[in-house]
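Everything below belongs to input-v3.csv, which stores CSV, C-alpha atoms.
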chain,number,residue,atom,x,y,z
I,935,MET,CA,171.6,84.0,96.9
I,936,GLU,CA,168.9,82.2,95.1
I,937,GLN,CA,168.3,79.9,98.2
I,938,LYS,CA,168.1,83.0,100.5
I,939,LEU,CA,165.6,84.7,98.2
I,940,SER,CA,163.4,81.5,98.1
I,941,LEU,CA,163.5,81.4,101.9
I,942,ARG,CA,162.4,85.0,102.1
I,943,ARG,CA,159.6,84.4,99.7
I,944,ARG,CA,158.4,81.4,101.8
I,945,VAL,CA,158.5,83.5,105.0
I,946,TYR,CA,156.6,86.3,103.2
I,947,ASP,CA,154.0,83.9,101.9
I,948,ARG,CA,153.5,82.2,105.2
I,949,GLY,CA,153.2,85.6,107.0
I,950,LEU,CA,150.5,86.8,104.6
I,951,ARG,CA,148.7,83.5,104.9
I,952,GLY,CA,148.8,83.8,108.7
I,953,LEU,CA,147.6,87.4,108.5
I,954,LEU,CA,144.7,86.4,106.3
I,955,TRP,CA,143.7,83.5,108.6
I,956,LEU,CA,143.9,85.9,111.5
I,957,CYS,CA,141.6,88.4,109.8
I,958,ALA,CA,139.2,85.7,108.9
I,959,GLY,CA,139.2,84.3,112.4
I,960,LEU,CA,138.6,87.7,114.0
I,961,THR,CA,135.7,88.4,111.7
I,962,CYS,CA,134.1,85.0,112.4
I,963,ALA,CA,134.7,85.4,116.1
I,964,LEU,CA,133.1,88.8,116.1
I,965,LEU,CA,130.1,87.6,114.1
I,966,MET,CA,129.6,84.6,116.4
I,967,PHE,CA,129.9,86.8,119.5
I,968,LEU,CA,127.2,89.2,118.2
I,969,ILE,CA,124.9,86.4,117.2
I,970,GLY,CA,125.5,84.5,120.4
I,971,TYR,CA,125.0,87.6,122.6
I,972,ILE,CA,121.7,88.5,120.9
I,973,PHE,CA,120.3,85.0,121.2
I,974,TYR,CA,121.6,84.8,124.8
I,975,ARG,CA,119.8,88.0,125.7
I,976,GLY,CA,116.8,87.5,123.4
I,977,LEU,CA,115.6,83.9,123.5
I,978,GLY,CA,114.8,84.0,127.2
I,979,ASN,CA,112.4,86.9,126.6
I,980,ILE,CA,110.5,85.3,123.8
I,981,THR,CA,107.1,84.0,125.0
I,982,TRP,CA,104.0,82.7,123.3
I,983,GLU,CA,102.1,85.8,124.5
I,984,LEU,CA,104.7,88.1,123.0
I,985,LEU,CA,104.4,86.4,119.6
I,986,THR,CA,100.7,86.0,119.4
I,987,SER,CA,99.3,89.2,121.0
I,988,GLN,CA,99.4,93.0,120.5
I,989,THR,CA,100.6,95.7,122.8
I,990,SER,CA,97.8,97.0,125.1
I,991,TYR,CA,98.2,99.9,127.5
I,992,ILE,CA,94.9,99.0,129.2
I,993,LYS,CA,95.9,95.3,129.9
I,994,ASP,CA,99.6,96.3,130.4
I,995,THR,CA,100.8,93.7,127.9
I,996,ILE,CA,103.4,93.7,125.2
I,997,GLY,CA,102.9,91.8,121.9
I,998,ILE,CA,104.6,91.9,118.6
I,999,LEU,CA,102.2,90.0,116.4
I,1000,PRO,CA,101.2,93.2,114.5
I,1001,ASN,CA,104.9,94.0,113.9
I,1002,ILE,CA,105.6,90.5,112.5
I,1003,LEU,CA,102.7,90.8,110.1
I,1004,ASN,CA,103.6,94.3,109.1
I,1005,THR,CA,107.1,93.1,108.3
I,1006,LEU,CA,105.7,90.3,106.1
I,1007,TYR,CA,103.3,92.8,104.5
I,1008,ILE,CA,106.0,95.2,103.5
I,1009,ILE,CA,108.3,92.5,102.2
I,1010,VAL,CA,105.4,91.3,99.9
I,1011,VAL,CA,104.5,94.8,98.7
I,1012,ALA,CA,108.1,95.8,98.1
I,1013,MET,CA,109.3,92.6,96.4
I,1014,ALA,CA,106.2,92.3,94.2
I,1015,ILE,CA,107.0,95.7,92.7
I,1016,VAL,CA,110.8,95.8,92.7
I,1017,LEU,CA,111.5,92.3,91.5
I,1018,PRO,CA,109.9,92.5,88.0
I,1019,LEU,CA,110.9,96.1,87.7
I,1020,GLY,CA,114.5,95.6,88.6
I,1021,VAL,CA,115.0,92.4,86.6
I,1022,GLY,CA,113.2,93.9,83.6
I,1023,ALA,CA,115.4,97.0,83.7
I,1024,ALA,CA,118.6,94.9,84.0
I,1025,VAL,CA,117.5,92.7,81.1
I,1026,TYR,CA,116.9,95.8,78.9
I,1027,LEU,CA,120.1,97.4,79.8
I,1028,THR,CA,122.2,94.3,79.2
I,1029,GLU,CA,120.4,92.6,76.3
I,1030,TYR,CA,118.5,95.3,74.4
I,1031,ALA,CA,120.0,98.8,75.0
I,1032,ALA,CA,122.1,100.0,72.1
I,1033,ASN,CA,123.2,103.4,73.5
I,1034,HIS,CA,126.2,102.3,75.6
I,1035,ARG,CA,126.8,105.9,76.8
I,1036,LEU,CA,123.3,106.0,78.3
I,1037,VAL,CA,123.7,102.6,79.8
I,1038,ALA,CA,127.0,103.7,81.5
I,1039,VAL,CA,125.2,106.8,82.9
I,1040,ILE,CA,122.4,104.6,84.3
I,1041,GLU,CA,124.8,102.2,85.8
I,1042,PHE,CA,126.7,105.0,87.5
I,1043,ALA,CA,123.4,106.4,88.8
I,1044,THR,CA,122.4,103.1,90.3
I,1045,GLU,CA,125.7,102.6,91.9
I,1046,THR,CA,125.5,106.0,93.4
I,1047,LEU,CA,122.0,105.4,94.7
I,1048,THR,CA,123.2,102.3,96.6
I,1049,GLY,CA,125.4,104.4,98.7
I,1050,ILE,CA,122.9,107.0,99.8
I,1051,PRO,CA,121.9,106.7,103.5
I,1052,SER,CA,118.4,105.2,104.1
I,1053,ILE,CA,117.3,108.3,106.1
I,1054,ILE,CA,117.5,110.3,102.9
I,1055,PHE,CA,115.1,107.9,101.2
I,1056,GLY,CA,112.8,108.1,104.2
I,1057,LEU,CA,112.7,111.9,104.0
I,1058,VAL,CA,112.0,111.8,100.2
I,1059,GLY,CA,109.3,109.2,100.7
I,1060,MET,CA,107.7,111.3,103.4
I,1061,LEU,CA,107.8,114.5,101.4
I,1062,PHE,CA,106.4,112.8,98.2
I,1063,PHE,CA,104.0,110.1,99.3
I,1064,LEU,CA,102.7,111.7,102.5
I,1065,GLN,CA,102.8,115.4,101.9
I,1066,LEU,CA,102.6,115.8,98.1
I,1067,VAL,CA,100.4,112.8,97.2
I,1068,GLY,CA,98.5,112.9,100.5
I,1069,TRP,CA,98.7,109.3,101.6
I,1070,GLN,CA,98.6,108.2,105.2
I,1071,ALA,CA,101.6,106.7,106.8
I,1072,GLY,CA,101.4,102.9,106.3
I,1073,ILE,CA,102.7,99.9,104.5
I,1074,LYS,CA,101.9,101.4,101.0
I,1075,ALA,CA,104.0,104.5,101.5
I,1076,GLY,CA,106.7,102.5,103.3
I,1077,GLY,CA,106.8,99.7,100.7
I,1078,LEU,CA,107.1,102.1,97.8
I,1079,THR,CA,109.9,104.0,99.6
I,1080,LEU,CA,111.7,100.7,100.0
I,1081,VAL,CA,111.2,99.9,96.3
I,1082,ILE,CA,113.1,103.1,95.5
I,1083,MET,CA,115.8,102.1,98.0
I,1084,VAL,CA,116.4,98.5,96.9
I,1085,LEU,CA,115.8,98.9,93.2
I,1086,PRO,CA,119.5,99.8,92.4
I,1087,THR,CA,120.6,96.6,94.3
I,1088,ILE,CA,118.3,94.4,92.2
I,1089,VAL,CA,119.3,96.1,88.9
I,1090,ARG,CA,123.1,95.9,89.5
I,1091,THR,CA,123.2,92.3,90.8
I,1092,THR,CA,121.0,91.1,88.0
I,1093,GLN,CA,123.1,93.0,85.4
I,1094,GLU,CA,126.4,91.5,86.7
I,1095,SER,CA,124.8,88.0,86.7
I,1096,LEU,CA,123.5,88.5,83.1
I,1097,LYS,CA,127.0,89.5,82.0
I,1098,THR,CA,128.5,86.3,83.3
I,1099,VAL,CA,126.4,84.2,80.9
I,1100,PRO,CA,128.8,83.3,78.0
I,1101,GLN,CA,128.1,85.0,74.7
I,1102,SER,CA,128.3,81.7,72.9
I,1103,TYR,CA,125.0,80.6,74.7
I,1104,ARG,CA,123.3,83.6,73.1
I,1105,GLU,CA,124.8,83.0,69.6
I,1106,GLY,CA,123.9,79.3,69.8
I,1107,ALA,CA,120.3,80.0,70.6
I,1108,LEU,CA,120.0,82.6,67.9
I,1109,SER,CA,121.7,80.4,65.3
I,1110,LEU,CA,119.0,77.7,66.0
I,1111,GLY,CA,116.3,80.1,65.1
I,1112,ALA,CA,115.2,81.4,68.5
I,1113,GLY,CA,114.0,85.0,68.7
I,1114,LYS,CA,115.6,87.6,70.9
I,1115,TRP,CA,113.0,87.3,73.8
I,1116,HIS,CA,112.9,83.5,73.5
I,1117,MET,CA,116.7,83.4,73.8
I,1118,VAL,CA,116.6,85.7,76.9
I,1119,ARG,CA,113.8,83.8,78.5
I,1120,THR,CA,115.0,80.2,78.0
I,1121,VAL,CA,118.8,80.6,77.9
I,1122,VAL,CA,120.0,83.8,79.5
I,1123,LEU,CA,117.7,84.1,82.5
I,1124,PRO,CA,118.0,80.4,83.7
I,1125,ASN,CA,121.8,80.7,83.7
I,1126,ALA,CA,121.6,84.0,85.6
I,1127,VAL,CA,119.1,82.9,88.2
I,1128,ASP,CA,121.8,82.5,90.9
I,1129,GLY,CA,122.6,86.2,90.7
I,1130,ILE,CA,119.0,87.2,90.6
I,1131,VAL,CA,118.3,85.2,93.8
I,1132,THR,CA,121.4,86.8,95.4
I,1133,GLY,CA,120.0,90.2,94.6
I,1134,CYS,CA,116.6,89.2,96.1
I,1135,ILE,CA,118.3,88.0,99.3
I,1136,LEU,CA,120.2,91.3,99.6
I,1137,ALA,CA,117.0,93.3,99.0
I,1138,VAL,CA,114.9,91.3,101.5
I,1139,GLY,CA,117.7,91.6,104.0
I,1140,ARG,CA,117.7,95.4,103.6
I,1141,ILE,CA,113.9,95.5,103.8
I,1142,VAL,CA,113.8,93.4,107.0
I,1143,GLY,CA,116.5,95.4,108.7
I,1144,GLU,CA,115.4,98.9,107.6
I,1145,SER,CA,114.1,101.3,110.2
I,1146,ALA,CA,115.3,104.8,109.4
I,1147,ALA,CA,113.2,105.1,106.2
I,1148,LEU,CA,110.2,103.5,107.7
I,1149,LEU,CA,110.1,105.8,110.7
I,1150,PHE,CA,108.9,108.6,108.4
I,1151,THR,CA,106.7,106.5,106.0
I,1152,ALA,CA,105.3,103.4,107.6
I,1153,GLY,CA,104.8,104.9,111.1
I,1154,PHE,CA,104.9,103.8,114.7
I,1155,GLY,CA,101.5,102.0,115.0
I,1156,LEU,CA,101.5,98.9,117.2
I,1157,ILE,CA,97.9,98.0,116.5
I,1158,LEU,CA,96.9,94.8,114.7
I,1159,ASN,CA,95.6,95.5,111.2
I,1160,SER,CA,94.6,93.5,108.2
I,1161,PHE,CA,96.6,93.6,105.0
I,1162,SER,CA,94.3,96.2,103.4
I,1163,GLY,CA,94.0,98.2,106.7
I,1164,ALA,CA,97.8,98.3,107.1
I,1165,MET,CA,98.2,99.9,103.7
I,1166,GLU,CA,96.7,103.2,104.9
I,1167,SER,CA,97.3,103.2,108.7
I,1168,SER,CA,100.4,103.6,110.8
I,1169,SER,CA,102.1,100.2,111.0
I,1170,ALA,CA,105.4,99.6,112.7
I,1171,THR,CA,107.6,96.8,111.4
I,1172,LEU,CA,109.8,94.7,113.7
I,1173,THR,CA,112.8,97.0,113.3
I,1174,VAL,CA,110.7,100.1,114.1
I,1175,ALA,CA,109.2,98.3,117.1
I,1176,LEU,CA,112.7,97.4,118.3
I,1177,TYR,CA,113.6,101.1,118.2
I,1178,VAL,CA,110.4,102.1,120.0
I,1179,TYR,CA,110.8,99.5,122.8
I,1180,ALA,CA,114.6,100.1,123.3
I,1181,ASN,CA,114.7,103.9,123.1
I,1182,GLU,CA,111.3,105.2,124.1
I,1183,ARG,CA,109.9,102.6,126.4
I,1184,GLY,CA,113.1,101.2,127.9
I,1185,GLU,CA,112.1,97.6,127.3
I,1186,THR,CA,115.6,96.2,126.7
I,1187,GLY,CA,114.5,92.6,127.0
I,1188,VAL,CA,111.7,93.0,124.4
I,1189,ALA,CA,114.2,94.7,122.1
I,1190,PHE,CA,116.6,91.8,122.3
I,1191,ALA,CA,113.8,89.3,121.7
I,1192,ILE,CA,112.8,91.2,118.6
I,1193,ALA,CA,116.4,91.2,117.5
I,1194,ALA,CA,116.6,87.4,117.9
I,1195,ILE,CA,113.3,87.0,115.9
I,1196,LEU,CA,114.7,89.2,113.2
I,1197,MET,CA,117.8,87.1,112.8
I,1198,VAL,CA,115.7,83.9,112.7
I,1199,MET,CA,113.3,85.4,110.1
I,1200,THR,CA,116.2,86.6,107.9
I,1201,PHE,CA,117.8,83.1,108.1
I,1202,LEU,CA,114.5,81.4,107.1
I,1203,ILE,CA,114.0,83.9,104.2
I,1204,ASN,CA,117.5,83.2,102.9
I,1205,LEU,CA,116.9,79.5,103.0
I,1206,ALA,CA,113.6,79.8,101.2
I,1207,SER,CA,115.2,82.1,98.6
I,1208,ASN,CA,118.1,79.6,98.0
I,1209,PHE,CA,115.6,76.7,97.7
I,1210,ALA,CA,113.5,78.7,95.2
I,1211,GLY,CA,116.6,79.6,93.2
I,1212,ARG,CA,117.6,75.9,92.9
I,1213,LYS,CA,114.1,74.9,91.8
I,1214,LEU,CA,114.0,77.7,89.2
I,1215,LYS,CA,117.4,76.7,87.9
I,1216,LYS,CA,116.3,73.1,87.4
Please rewrite the model in this file as structure tokens.
Amino acid sequence: MEQKLSLRRRVYDRGLRGLLWLCAGLTCALLMFLIGYIFYRGLGNITWELLTSQTSYIKDTIGILPNILNTLYIIVVAMAIVLPLGVGAAVYLTEYAANHRLVAVIEFATETLTGIPSIIFGLVGMLFFLQLVGWQAGIKAGGLTLVIMVLPTIVRTTQESLKTVPQSYREGALSLGAGKWHMVRTVVLPNAVDGIVTGCILAVGRIVGESAALLFTAGFGLILNSFSGAMESSSATLTVALYVYANERGETGVAFAIAAILMVMTFLINLASNFAGRKLKK
């Protein structure tokens, strides 16, 4: 009876292992298929003219240089605001806040905000920044809308990373005479930098791939603008341009080229973030 039970357990264990391997293989195969299909359809349509020019109805040319720059502009604007704000809020909630009930309410609110569809943030951003405040559609309105959108992600990932730092590290620093802020700055944050970098990668990935919120706040403009000019003028990012070319102009090849460029850009940003995280940890 004992031998039969052992055999059943071995069969059960091997069956579950096979099921897990099957699920992992299907997921990887689906991912590789999507990436390969996008590159297959997109790389052939990427030209130097497409990357270094702007769309002109007079010359009948298509260029996405303004969209590439607008994407970089909005990443800089959003991350410059949300990174210190989100990390600072997480440090306060984890290290300084004494009202645990209030902290629990704020954590519940941030987790709820992460599940709200981006189109809702876009509508709120349009109503507040464009209609109530009176700004023009552009990088400034779109960037601040994205700040509201990705702030909960930064706060929650940073909080979870701070909570993984052993309490003995804090007690050891305080016992050696370090002040509260000195302990947080030199002991806690360096040991939590991996989680902070992960939050930044997730935030940048959502910023790069966002289109619904930016349709209402950043606009559809395909004209090349400077950084200051793009703040207050309609400026389409790469994802918005992909939507325009695929759905309104029927340029499927250009849309696949933009999709391939977005994937390469996201990959490079992730590499840069990981490299910066390792340097900061050292």
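Reported to one decimal place, the separation of atom CA of Asn1125 of chain I from atom CA of Ile1008 of chain I is 29.2 Å.
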- Item | Spatial neighbours of segment 1096-1105 of chain I, 7 Å, all atoms listed in the file, chain gap at least 6 places, as JSON, numbers by chain | {"I": [1117, 1121, 1122, 1125, 1126]}
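Residues within 8 Å of Leu1064 of chain I, counting all atoms listed in the file and excluding same-chain residues fewer than 6 positions away, are Gln1070, Ala1071, Ala1075 and Thr1151 of chain I.
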I need the residues from that last selection saved to file as an mmCIF file, keeping the file's coordinate frame (with C-alpha atoms), if you can.
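Output below, filename result.cif:
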data_model
loop_
_atom_site.group_PDB
_atom_site.id
_atom_site.type_symbol
_atom_site.label_atom_id
_atom_site.label_comp_id
_atom_site.auth_asym_id
_atom_site.auth_seq_id
_atom_site.Cartn_x
_atom_site.Cartn_y
_atom_site.Cartn_z
ATOM 1 C CA GLN I 1070 98.600 108.200 105.200
ATOM 2 C CA ALA I 1071 101.600 106.700 106.800
ATOM 3 C CA ALA I 1075 104.000 104.500 101.500
ATOM 4 C CA THR I 1151 106.700 106.500 106.000
#
Considering only C-alpha atoms, tabulate each residue of segment 1073-1101 of chain I that lies at most 10 Å from segment 1043-1052 of chain I along with its nearest interatomic pair and the corresponding distance in Å to one decimal; arrange the rows by chain and ascending residue number and present them as CSV.
residue,atom,partner,partner_atom,distance
I:Thr1079,CA,I:Ser1052,CA,9.7
I:Leu1080,CA,I:Ser1052,CA,9.1
I:Ile1082,CA,I:Leu1047,CA,9.2
I:Met1083,CA,I:Ser1052,CA,7.3
I:Val1084,CA,I:Thr1048,CA,7.8
I:Leu1085,CA,I:Thr1044,CA,8.3
I:Pro1086,CA,I:Thr1044,CA,4.9
I:Thr1087,CA,I:Thr1048,CA,6.7
I:Ile1088,CA,I:Thr1044,CA,9.8
I:Val1089,CA,I:Thr1044,CA,7.8
I:Arg1090,CA,I:Thr1044,CA,7.3
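Atom to atom, atom CA of Ala1038 of chain I and atom CA of Ala1137 of chain I stand 22.7 Å apart.
Candidate residues I:Lys993, I:Ile969, I:Ile1135, I:His1034 were compared for distance to Asn1208 of chain I, and the nearest is I:Ile1135, using all atoms listed in the file.
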- Message: Using all atoms listed in the file, list the residues that have an atom at most 10 Å from (110.1, 103.7, 108.6), coordinates as in the file, as a VMD selection string.
- Response: chain I and resid 1052 to 1053 1055 to 1057 1059 to 1060 1071 to 1073 1075 to 1077 1079 to 1080 1144 to 1154 1168 to 1171 1173 to 1174
- Figure out the distance between atom CA of Val1011 of chain I and atom CA of Leu984 of chain I, please, to one decimal in Å. 25.2 Å
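Taking all atoms listed in the file into account, Cys1134 of chain I lies nearest to I:Ile1009 out of the set I:Leu941, I:Ala958, I:Ile1009, I:Ala1112.
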